[in-house]
Amino acid sequence: MSTKQNKIAEVIEASTAQFTAQCYELYEVPSLGALVRTGDIYGIVAHAETTGMEPGRKPIARGKDAATEEAVYKDSPQLKKLLRSEFTAAVVGYRKEGKIHQYLPPQPAKIHAFVYLCPPEEVDEFSKSFTFLNILINSAFSVPAEEVIASSLRQMSHVREDSRSFLVSAGKELANLLASNIARVRNILEKLKID
Amino acid sequence: MTDKLGIVVNASLEKGVEVRLDAPVSVEDMVVGRYVTIEGQKRRFFGMITDVRLGVTDESLSISPPDVSDPFIADVLNGTSNFGQIHVTPMLTIGGDADAIAEGPQPVKTIPAHYCAVNLATEADIENVFGKEDKQRFFVGNPLDMETKLCLNLEEFVKRSNGIFGKSGTGKTFLTRILLIGILQKSKAVNLIFDMHSEYGWKGTHEGGAPVKGLKQLFPSNVAVFTLDEESSRRRKVATDYVVKIGLNEITPEDVSILRSTLNLTDLAVEAAYQLRKVLGKDWLNKVLNLGEEELEDLLKASNIHEGSLQSLKRGLGTIGRLGFVVPEAKDDAVKNILDYLQQGRNVVLEFGRYQEIAAYLLVANLLSRRIYSSYQRKMEEAIAADSDALKPRPLVITIEEAHKFLNPEVADKTIFGTIAREMRKYNVSLLVIDQRPSGINEEVMSQLGTKITCLLDNERDIDAVLSGVSGKNELKSVLARLAPKQQALIFGHAVPMPVAFQPREYGSAASYKDFTSSSPSSPEKPPEDIEKLWE
Ligand SMILES: Nc1ncnc2c1ncn2[C@@H]1O[C@H](COP(=O)(O)OP(=O)(O)OP(=O)(O)O)[C@@H](O)[C@H]1O
Ligand SMILES: [Mg+2]
């Protein structure tokens with residue numbers, strides 16, 4: 001892989017259907033719905049959070065006398081060590097022998113594996129098929145799946161020349177997948193038309 | 001628009017085939033009556049669209065419809081959650097292997113498998129089923145919304161009695177003219193037309209346009225115009241060939257009996273006619289009309305006729321006697337004349353001129369047809385006895401309008417037309433009946449009609465009467481009820497491999513006359529010129 005890859009995080013928890021990664025930089029979390037890759041495995045960011053390093057210990061408020069939020073961090077440089085940003089990605093496919101398959105890989109991601117943000121060409125290649133939507137529809141995250149799907153499709157549409165027709169095709173796929181639950185379809189469509 | 005419409009999603013032999021339309025196909029382009037083909041796994045099916053519906057995958061869409069003013073939402077849902085459906089009634093199948101193709105279209109005995117593709121029928125499909133214009137096939141119109149020529153095998157058509165139906169002003173007369181031209185050009189049969197409103201022979205009316213040409217103007221050497229009303233014909237500048245008179249001595253009690261309700265006669269009065277004929281002989285009617293008081297009294301005494309009945313009868317007969325074409329004794333034999341023309345292969349149109357009252361029409365059509373028929377009967381029997389096809393009289397098609405007046409349950413047994421309709425051309429005579437009230441026609445007669453062509457009907461009973469006994473009746477009903485109010489018709493029965501809704505070809509423009517007259521002007525059996533010369 002080329003060195004220009006956008007390496008952003010490292011896997012700290014992995015299962016067949018999802019993996020969690022810690023970002024190298026505090027707050028430098030990929031957007032909700034973004035396509036990321038670790039090894040041969042593709043994931044879509046389905047949830048992200050920033051918490052204290054020590055489990056169960058909440059940070060305390062520090063900015064009462066600070067003029068700006070930036071000043072809070074400047075005054076306490078150790079904060080960057082005490083806090084961490086993580087995200088969870090739903091596994092939506094993997095690459096095998098050069099070809100992308102939109103179904104779950106036989107093995108989960110490895111711990112400490114690097115996670116990359118996919119560049120536009122890769123997003124374009126991945127989004128040629130909509131099979132991954134079915135995986136997202138059927139996953140349970142703390143974020144509603146409709147939000148993840150809509151956000152992911154919006155981002156994918158940006159790398160396309162004809163983003164409208166991309167969204168229409170994706171919408172049709174959803175309408176077919178969710179044929180008997182049109183309320184969910186409409187919910188997603190409402191979020192797609194915003195851009 | 002693409003020709004692929006959608007896929008089969010459900011089917012039963014009883015109820016037909018459900019087709020889900022592909023997204024780009026608009027339900028609004030799907031009209032009832034159009035032909036489609038279904039590409040089954042082993043055979044092709046031909047069917048007709050008999051219903052069009054909207055479907056949703058989720059009922060909640062009907063309860064709270066999406067915001068389709070947003071084109072994005074509309075585009076997505078169209079063809080996915082909202083889709084069009086058509087109901088197709090399969091009519092025929094063509095097998096996939098070479099043998100089956102050679103056998104041609106067969107009745108439907110199975111259904112297509114799941115998800116078979118459904119296409120609009122192409123010109124080639126229609127031609128495959130109905131055949132091309134040829135020696136026997138006549139171009140009658142176009143299947144609805146298609147450019148293809150729909151051809152009717154007229155040699156087959158005239159083998160049975162046929163009916164043309166439709167409410168007033170739907171195009172029955174125009175369609176009949178077209179078929180008569182077809183019979184004249186493509187079959188060996190010859191026509192006798194009882195032309196109540198004088199619209200077939202020389203010229204006919206055309207709503208909102210100049211009069212249209214009649215048959216004689218188009219085919220002067222094949223058509224003769226006879227008239228009952230010379231004066232009217234002359235006024236309309238019709239070149240008539242013969243003036244028909246009916247002698248009182250030609251009218252029989254049977255003729256009177258079918259006029260019973262028209263002339264308002266009692267049953268006893270009709271009974272009296274039969275008795276009088278027995279007592280007074282062939283010239284009974286003349287005598288009854290000219291009897292003095294005393295003679296009448298004697299007559300009543302001698303027979304057991306009730307005075308009231310006789311008066312009723314006299315009144316009725318008086319109406320007949322006053323018809324201008326009725327004479328005490330006809331000098332000429334009209335029947336013989338008509339038969340002569342027919343035997344030469346000339347089609348005869350009998351114009352009624354001003355005598356448009358139904359009594360005149362019933363009387364004349366029945367009387368002449370009865371005698372023509374018995375002549376045919378005699379000749380056929382002779383030909384059969386001599387075992388000679390050459391002796392057989394030319395097949396005859398008799399066209400009558402207001403057919404229910406002749407064929408209603410009360411009189412169908414008494415009129416000659418009831419007999420002809422039931423006999424299926426045993427004696428080479430068949431009928432072409434035209435009617436706007438088919439429910440008035442005797443059921444048995446209706447069931448004997450080989451091919452029925454019906455324009456729009458809106459009375460439920462008429463629709464039922466026309467479609468009675470047809471398979472796929474309910475589906476055809478919805479096609480029939482949705483025909484345009486003019487110049488569209490549904491044809492089904494003996495002469496067509498499957499029912500088809502069509503638009504009769506245009507009649508009345510200069511171009512149409514040219515098309516009608518250019519295709520093989522009559523007698524295809526006629527040997528070519530040079531062979532004829534050899535015999536001189
Ligand atoms: N094939 C046709 N070509 C051109 N015009 C037609 C054709 N068929 C019907 N029409 C139009 O429809 C009108 C009515 O047709 P037509 O006189 O044949 O009706 P009908 O059914 O015989 O009516 P009625 O029951 O009153 O006799 C015609 O005057 C003509 O304008
Ligand atoms: Mg008419």
# chains A, B, ... in the order shown; residues from 1 in each chain; ligands from 1
$ closest_atom_pairs --of "chain B" --to "chain A" --cutoff "10 Å" --atoms "only C-alpha atoms" --output "tab-separated table"
residue	atom	partner	partner_atom	distance
B:Val56	CA	A:Ala179	CA	8.8
B:Thr57	CA	A:Ala179	CA	5.5
B:Asp58	CA	A:Ser180	CA	5.0
B:Glu59	CA	A:Ser180	CA	8.3
B:Ser60	CA	A:Ile182	CA	7.4
B:Leu61	CA	A:Ile182	CA	7.3
B:Ser64	CA	A:Ala183	CA	9.9
B:Pro66	CA	A:Arg186	CA	7.6
B:Asp67	CA	A:Arg186	CA	9.4
B:Asp70	CA	A:Lys193	CA	8.9
B:Pro71	CA	A:Lys193	CA	9.8
B:Phe72	CA	A:Val168	CA	6.8
B:Ile73	CA	A:Leu189	CA	6.8
B:Ala74	CA	A:Val168	CA	9.5
B:Asp75	CA	A:Val168	CA	6.6
B:Val76	CA	A:Lys172	CA	5.1
B:Leu77	CA	A:Lys172	CA	6.6
B:Asn78	CA	A:Lys172	CA	8.4
B:Gly79	CA	A:Lys172	CA	8.3
B:Thr80	CA	A:Ala175	CA	5.9
B:Ser81	CA	A:Ala175	CA	5.9
B:Asn82	CA	A:Ala175	CA	9.4
$ residues_near_ligand --ligand "ligand 1" --cutoff "10 Å" --atoms "only C-alpha atoms and all ligand atoms" --output "PyMOL selection string"
chain B and resi 140-141+164-178+196-197+199+204-212+401-402+434-437+454-456+485-489+503-509+512
$ closest_residue --among "B:Val88, B:Val445, B:Leu323, B:Val433" --to "ligand 2" --atoms "only C-alpha atoms and all ligand atoms"
B:Val433
$ select_by_dssp --residues "stretch 94-148 of chain A" --states "strand (DSSP E)" --output "MDAnalysis selection string"
chainID A and resid 94:96 99:101 114:117
$ write_last_selection --atoms "all heavy atoms" --output "JSON list (two decimals), in the first residue's frame"
[["chain", "number", "residue", "atom", "x", "y", "z"],
["A", 94, "TYR", "N", -14.97, -7.07, 2.59],
["A", 94, "TYR", "CA", -13.52, -7.21, 2.60],
["A", 94, "TYR", "C", -13.04, -7.45, 1.18],
["A", 94, "TYR", "O", -13.81, -7.76, 0.28],
["A", 94, "TYR", "CB", -13.11, -8.35, 3.53],
["A", 94, "TYR", "CG", -13.51, -9.73, 3.06],
["A", 94, "TYR", "CD1", -12.54, -10.62, 2.58],
["A", 94, "TYR", "CD2", -14.83, -10.15, 3.09],
["A", 94, "TYR", "CE1", -12.90, -11.87, 2.14],
["A", 94, "TYR", "CE2", -15.19, -11.40, 2.66],
["A", 94, "TYR", "CZ", -14.22, -12.27, 2.18],
["A", 94, "TYR", "OH", -14.56, -13.51, 1.75],
["A", 95, "ARG", "N", -11.75, -7.28, 1.04],
["A", 95, "ARG", "CA", -11.16, -7.46, -0.28],
["A", 95, "ARG", "C", -10.44, -8.80, -0.33],
["A", 95, "ARG", "O", -9.69, -9.14, 0.58],
["A", 95, "ARG", "CB", -10.19, -6.34, -0.59],
["A", 95, "ARG", "CG", -9.71, -6.31, -2.04],
["A", 95, "ARG", "CD", -8.64, -5.26, -2.22],
["A", 95, "ARG", "NE", -9.14, -3.90, -2.21],
["A", 95, "ARG", "CZ", -9.62, -3.26, -3.29],
["A", 95, "ARG", "NH1", -9.67, -3.89, -4.46],
["A", 95, "ARG", "NH2", -10.03, -2.03, -3.19],
["A", 96, "LYS", "N", -10.75, -9.56, -1.37],
["A", 96, "LYS", "CA", -10.06, -10.83, -1.49],
["A", 96, "LYS", "C", -9.62, -10.96, -2.94],
["A", 96, "LYS", "O", -10.43, -10.74, -3.86],
["A", 96, "LYS", "CB", -11.05, -11.96, -1.14],
["A", 96, "LYS", "CG", -10.36, -13.29, -0.96],
["A", 96, "LYS", "CD", -11.41, -14.35, -0.66],
["A", 96, "LYS", "CE", -10.88, -15.71, -1.05],
["A", 96, "LYS", "NZ", -11.95, -16.66, -1.21],
["A", 99, "LYS", "N", -10.63, -8.25, -5.23],
["A", 99, "LYS", "CA", -12.04, -7.92, -5.45],
["A", 99, "LYS", "C", -12.75, -7.62, -4.13],
["A", 99, "LYS", "O", -12.53, -8.31, -3.14],
["A", 99, "LYS", "CB", -12.74, -9.12, -6.10],
["A", 99, "LYS", "CG", -13.41, -8.75, -7.41],
["A", 99, "LYS", "CD", -14.19, -9.92, -7.98],
["A", 99, "LYS", "CE", -15.65, -9.53, -7.98],
["A", 99, "LYS", "NZ", -16.56, -10.62, -7.87],
["A", 100, "ILE", "N", -13.61, -6.61, -4.17],
["A", 100, "ILE", "CA", -14.34, -6.28, -2.95],
["A", 100, "ILE", "C", -15.60, -7.13, -2.84],
["A", 100, "ILE", "O", -16.37, -7.26, -3.80],
["A", 100, "ILE", "CB", -14.73, -4.79, -2.93],
["A", 100, "ILE", "CG1", -13.46, -3.94, -2.87],
["A", 100, "ILE", "CG2", -15.64, -4.47, -1.75],
["A", 100, "ILE", "CD1", -13.70, -2.45, -2.91],
["A", 101, "HIS", "N", -15.78, -7.76, -1.69],
["A", 101, "HIS", "CA", -17.00, -8.51, -1.44],
["A", 101, "HIS", "C", -17.78, -7.82, -0.34],
["A", 101, "HIS", "O", -17.21, -7.52, 0.70],
["A", 101, "HIS", "CB", -16.67, -9.94, -0.99],
["A", 101, "HIS", "CG", -15.88, -10.70, -1.99],
["A", 101, "HIS", "ND1", -16.46, -11.32, -3.07],
["A", 101, "HIS", "CD2", -14.54, -10.88, -2.11],
["A", 101, "HIS", "CE1", -15.52, -11.88, -3.80],
["A", 101, "HIS", "NE2", -14.33, -11.62, -3.25],
["A", 114, "PHE", "N", -3.71, -1.25, 11.81],
["A", 114, "PHE", "CA", -3.92, 0.16, 11.50],
["A", 114, "PHE", "C", -5.24, 0.33, 10.77],
["A", 114, "PHE", "O", -5.65, -0.52, 9.99],
["A", 114, "PHE", "CB", -2.79, 0.69, 10.62],
["A", 114, "PHE", "CG", -1.44, 0.58, 11.28],
["A", 114, "PHE", "CD1", -0.28, 0.52, 10.50],
["A", 114, "PHE", "CD2", -1.32, 0.56, 12.68],
["A", 114, "PHE", "CE1", 0.97, 0.43, 11.10],
["A", 114, "PHE", "CE2", -0.07, 0.47, 13.27],
["A", 114, "PHE", "CZ", 1.08, 0.39, 12.48],
["A", 115, "VAL", "N", -5.83, 1.47, 11.02],
["A", 115, "VAL", "CA", -7.09, 1.77, 10.32],
["A", 115, "VAL", "C", -6.86, 2.98, 9.44],
["A", 115, "VAL", "O", -6.28, 3.97, 9.86],
["A", 115, "VAL", "CB", -8.22, 2.05, 11.32],
["A", 115, "VAL", "CG1", -9.52, 2.35, 10.58],
["A", 115, "VAL", "CG2", -8.42, 0.86, 12.26],
["A", 116, "TYR", "N", -7.29, 2.88, 8.19],
["A", 116, "TYR", "CA", -7.11, 3.97, 7.22],
["A", 116, "TYR", "C", -8.47, 4.53, 6.82],
["A", 116, "TYR", "O", -9.46, 3.80, 6.72],
["A", 116, "TYR", "CB", -6.41, 3.44, 5.97],
["A", 116, "TYR", "CG", -5.06, 2.83, 6.26],
["A", 116, "TYR", "CD1", -4.95, 1.48, 6.60],
["A", 116, "TYR", "CD2", -3.91, 3.61, 6.21],
["A", 116, "TYR", "CE1", -3.72, 0.91, 6.87],
["A", 116, "TYR", "CE2", -2.67, 3.05, 6.49],
["A", 116, "TYR", "CZ", -2.57, 1.70, 6.81],
["A", 116, "TYR", "OH", -1.36, 1.15, 7.08],
["A", 117, "LEU", "N", -8.48, 5.83, 6.55],
["A", 117, "LEU", "CA", -9.68, 6.44, 5.96],
["A", 117, "LEU", "C", -9.58, 6.21, 4.46],
["A", 117, "LEU", "O", -8.56, 6.50, 3.84],
["A", 117, "LEU", "CB", -9.67, 7.94, 6.27],
["A", 117, "LEU", "CG", -10.91, 8.71, 5.85],
["A", 117, "LEU", "CD1", -12.15, 8.21, 6.61],
["A", 117, "LEU", "CD2", -10.72, 10.20, 6.14]]
$ residues_around --residues "B:Leu432" --least-positions-apart "5" --cutoff "7 Å" --atoms "only C-alpha atoms" --output "MDAnalysis selection string"
chainID B and resid 161:163 397:400
$ write_last_selection --atoms "C-alpha atoms" --output "PDB file, in the first residue's frame"
ATOM      1  CA  SER B 161     -73.559 -16.592 -39.045  1.00  0.00           C
ATOM      2  CA  ASN B 162     -72.013 -13.590 -37.371  1.00  0.00           C
ATOM      3  CA  GLY B 163     -73.065 -10.581 -35.356  1.00  0.00           C
ATOM      4  CA  VAL B 397     -74.537 -13.816 -46.512  1.00  0.00           C
ATOM      5  CA  ILE B 398     -77.708 -11.960 -45.596  1.00  0.00           C
ATOM      6  CA  THR B 399     -77.198  -8.750 -43.661  1.00  0.00           C
ATOM      7  CA  ILE B 400     -80.010  -7.521 -41.431  1.00  0.00           C
TER       8      ILE B 400
END
$ select_by_dssp --residues "stretch 66-96 of chain A" --states "helix (DSSP H, G or I)" --output "list in words"
Glu69, Glu70, Ala71, Val72, Tyr73, Lys74, Asp75, Leu79, Lys80, Lys81 and Leu82 of chain A
$ closest_residue --among "B:Val327, B:Ala383, B:Ile49, B:Ala495" --to "B:His87" --atoms "only C-alpha atoms"
B:Ile49
$ closest_residue --among "B:Ala360, B:Thr37, B:Val108, B:Gln311" --to "B:Ser471" --atoms "only C-alpha atoms"
B:Val108
$ residues_around --residues "A:Thr50" --least-positions-apart "6" --cutoff "7 Å" --atoms "only C-alpha atoms" --output "list of chain:residue names"
A:Leu83, A:Arg84, A:Ser85, A:Glu86
$ closest_residue --among "B:Lys4, B:Leu368, B:Val129, B:Tyr200" --to "ligand 2" --atoms "only C-alpha atoms and all ligand atoms"
B:Tyr200
$ residues_around --residues "B:Leu362" --least-positions-apart "4" --cutoff "8 Å" --atoms "only C-alpha atoms" --output "number ranges by chain"
B: 258-259, 358, 366, 405-406
$ write_last_selection --atoms "N, CA, C and O atoms" --output "short mmCIF file (atom, residue, chain, number, x, y, z; two decimals), in the first residue's frame"
data_model
loop_
_atom_site.label_atom_id
_atom_site.label_comp_id
_atom_site.auth_asym_id
_atom_site.auth_seq_id
_atom_site.Cartn_x
_atom_site.Cartn_y
_atom_site.Cartn_z
N ILE B 258 -95.00 -12.74 -37.50
CA ILE B 258 -93.83 -12.09 -36.91
C ILE B 258 -94.05 -10.59 -36.73
O ILE B 258 -93.29 -9.92 -36.05
N LEU B 259 -95.11 -10.08 -37.36
CA LEU B 259 -95.41 -8.66 -37.19
C LEU B 259 -96.37 -8.43 -36.02
O LEU B 259 -96.83 -7.32 -35.79
N ILE B 358 -90.40 -0.17 -38.94
CA ILE B 358 -89.92 -1.52 -38.68
C ILE B 358 -90.84 -2.58 -39.32
O ILE B 358 -90.39 -3.63 -39.76
N ASN B 366 -88.03 -10.61 -44.17
CA ASN B 366 -88.41 -11.97 -43.85
C ASN B 366 -88.99 -12.69 -45.07
O ASN B 366 -88.64 -13.82 -45.39
N LYS B 405 -85.38 -7.57 -33.64
CA LYS B 405 -86.78 -7.60 -34.06
C LYS B 405 -87.12 -8.91 -34.75
O LYS B 405 -88.26 -9.35 -34.76
N PHE B 406 -86.11 -9.52 -35.38
CA PHE B 406 -86.34 -10.78 -36.08
C PHE B 406 -86.03 -11.98 -35.19
O PHE B 406 -86.47 -13.07 -35.45
#
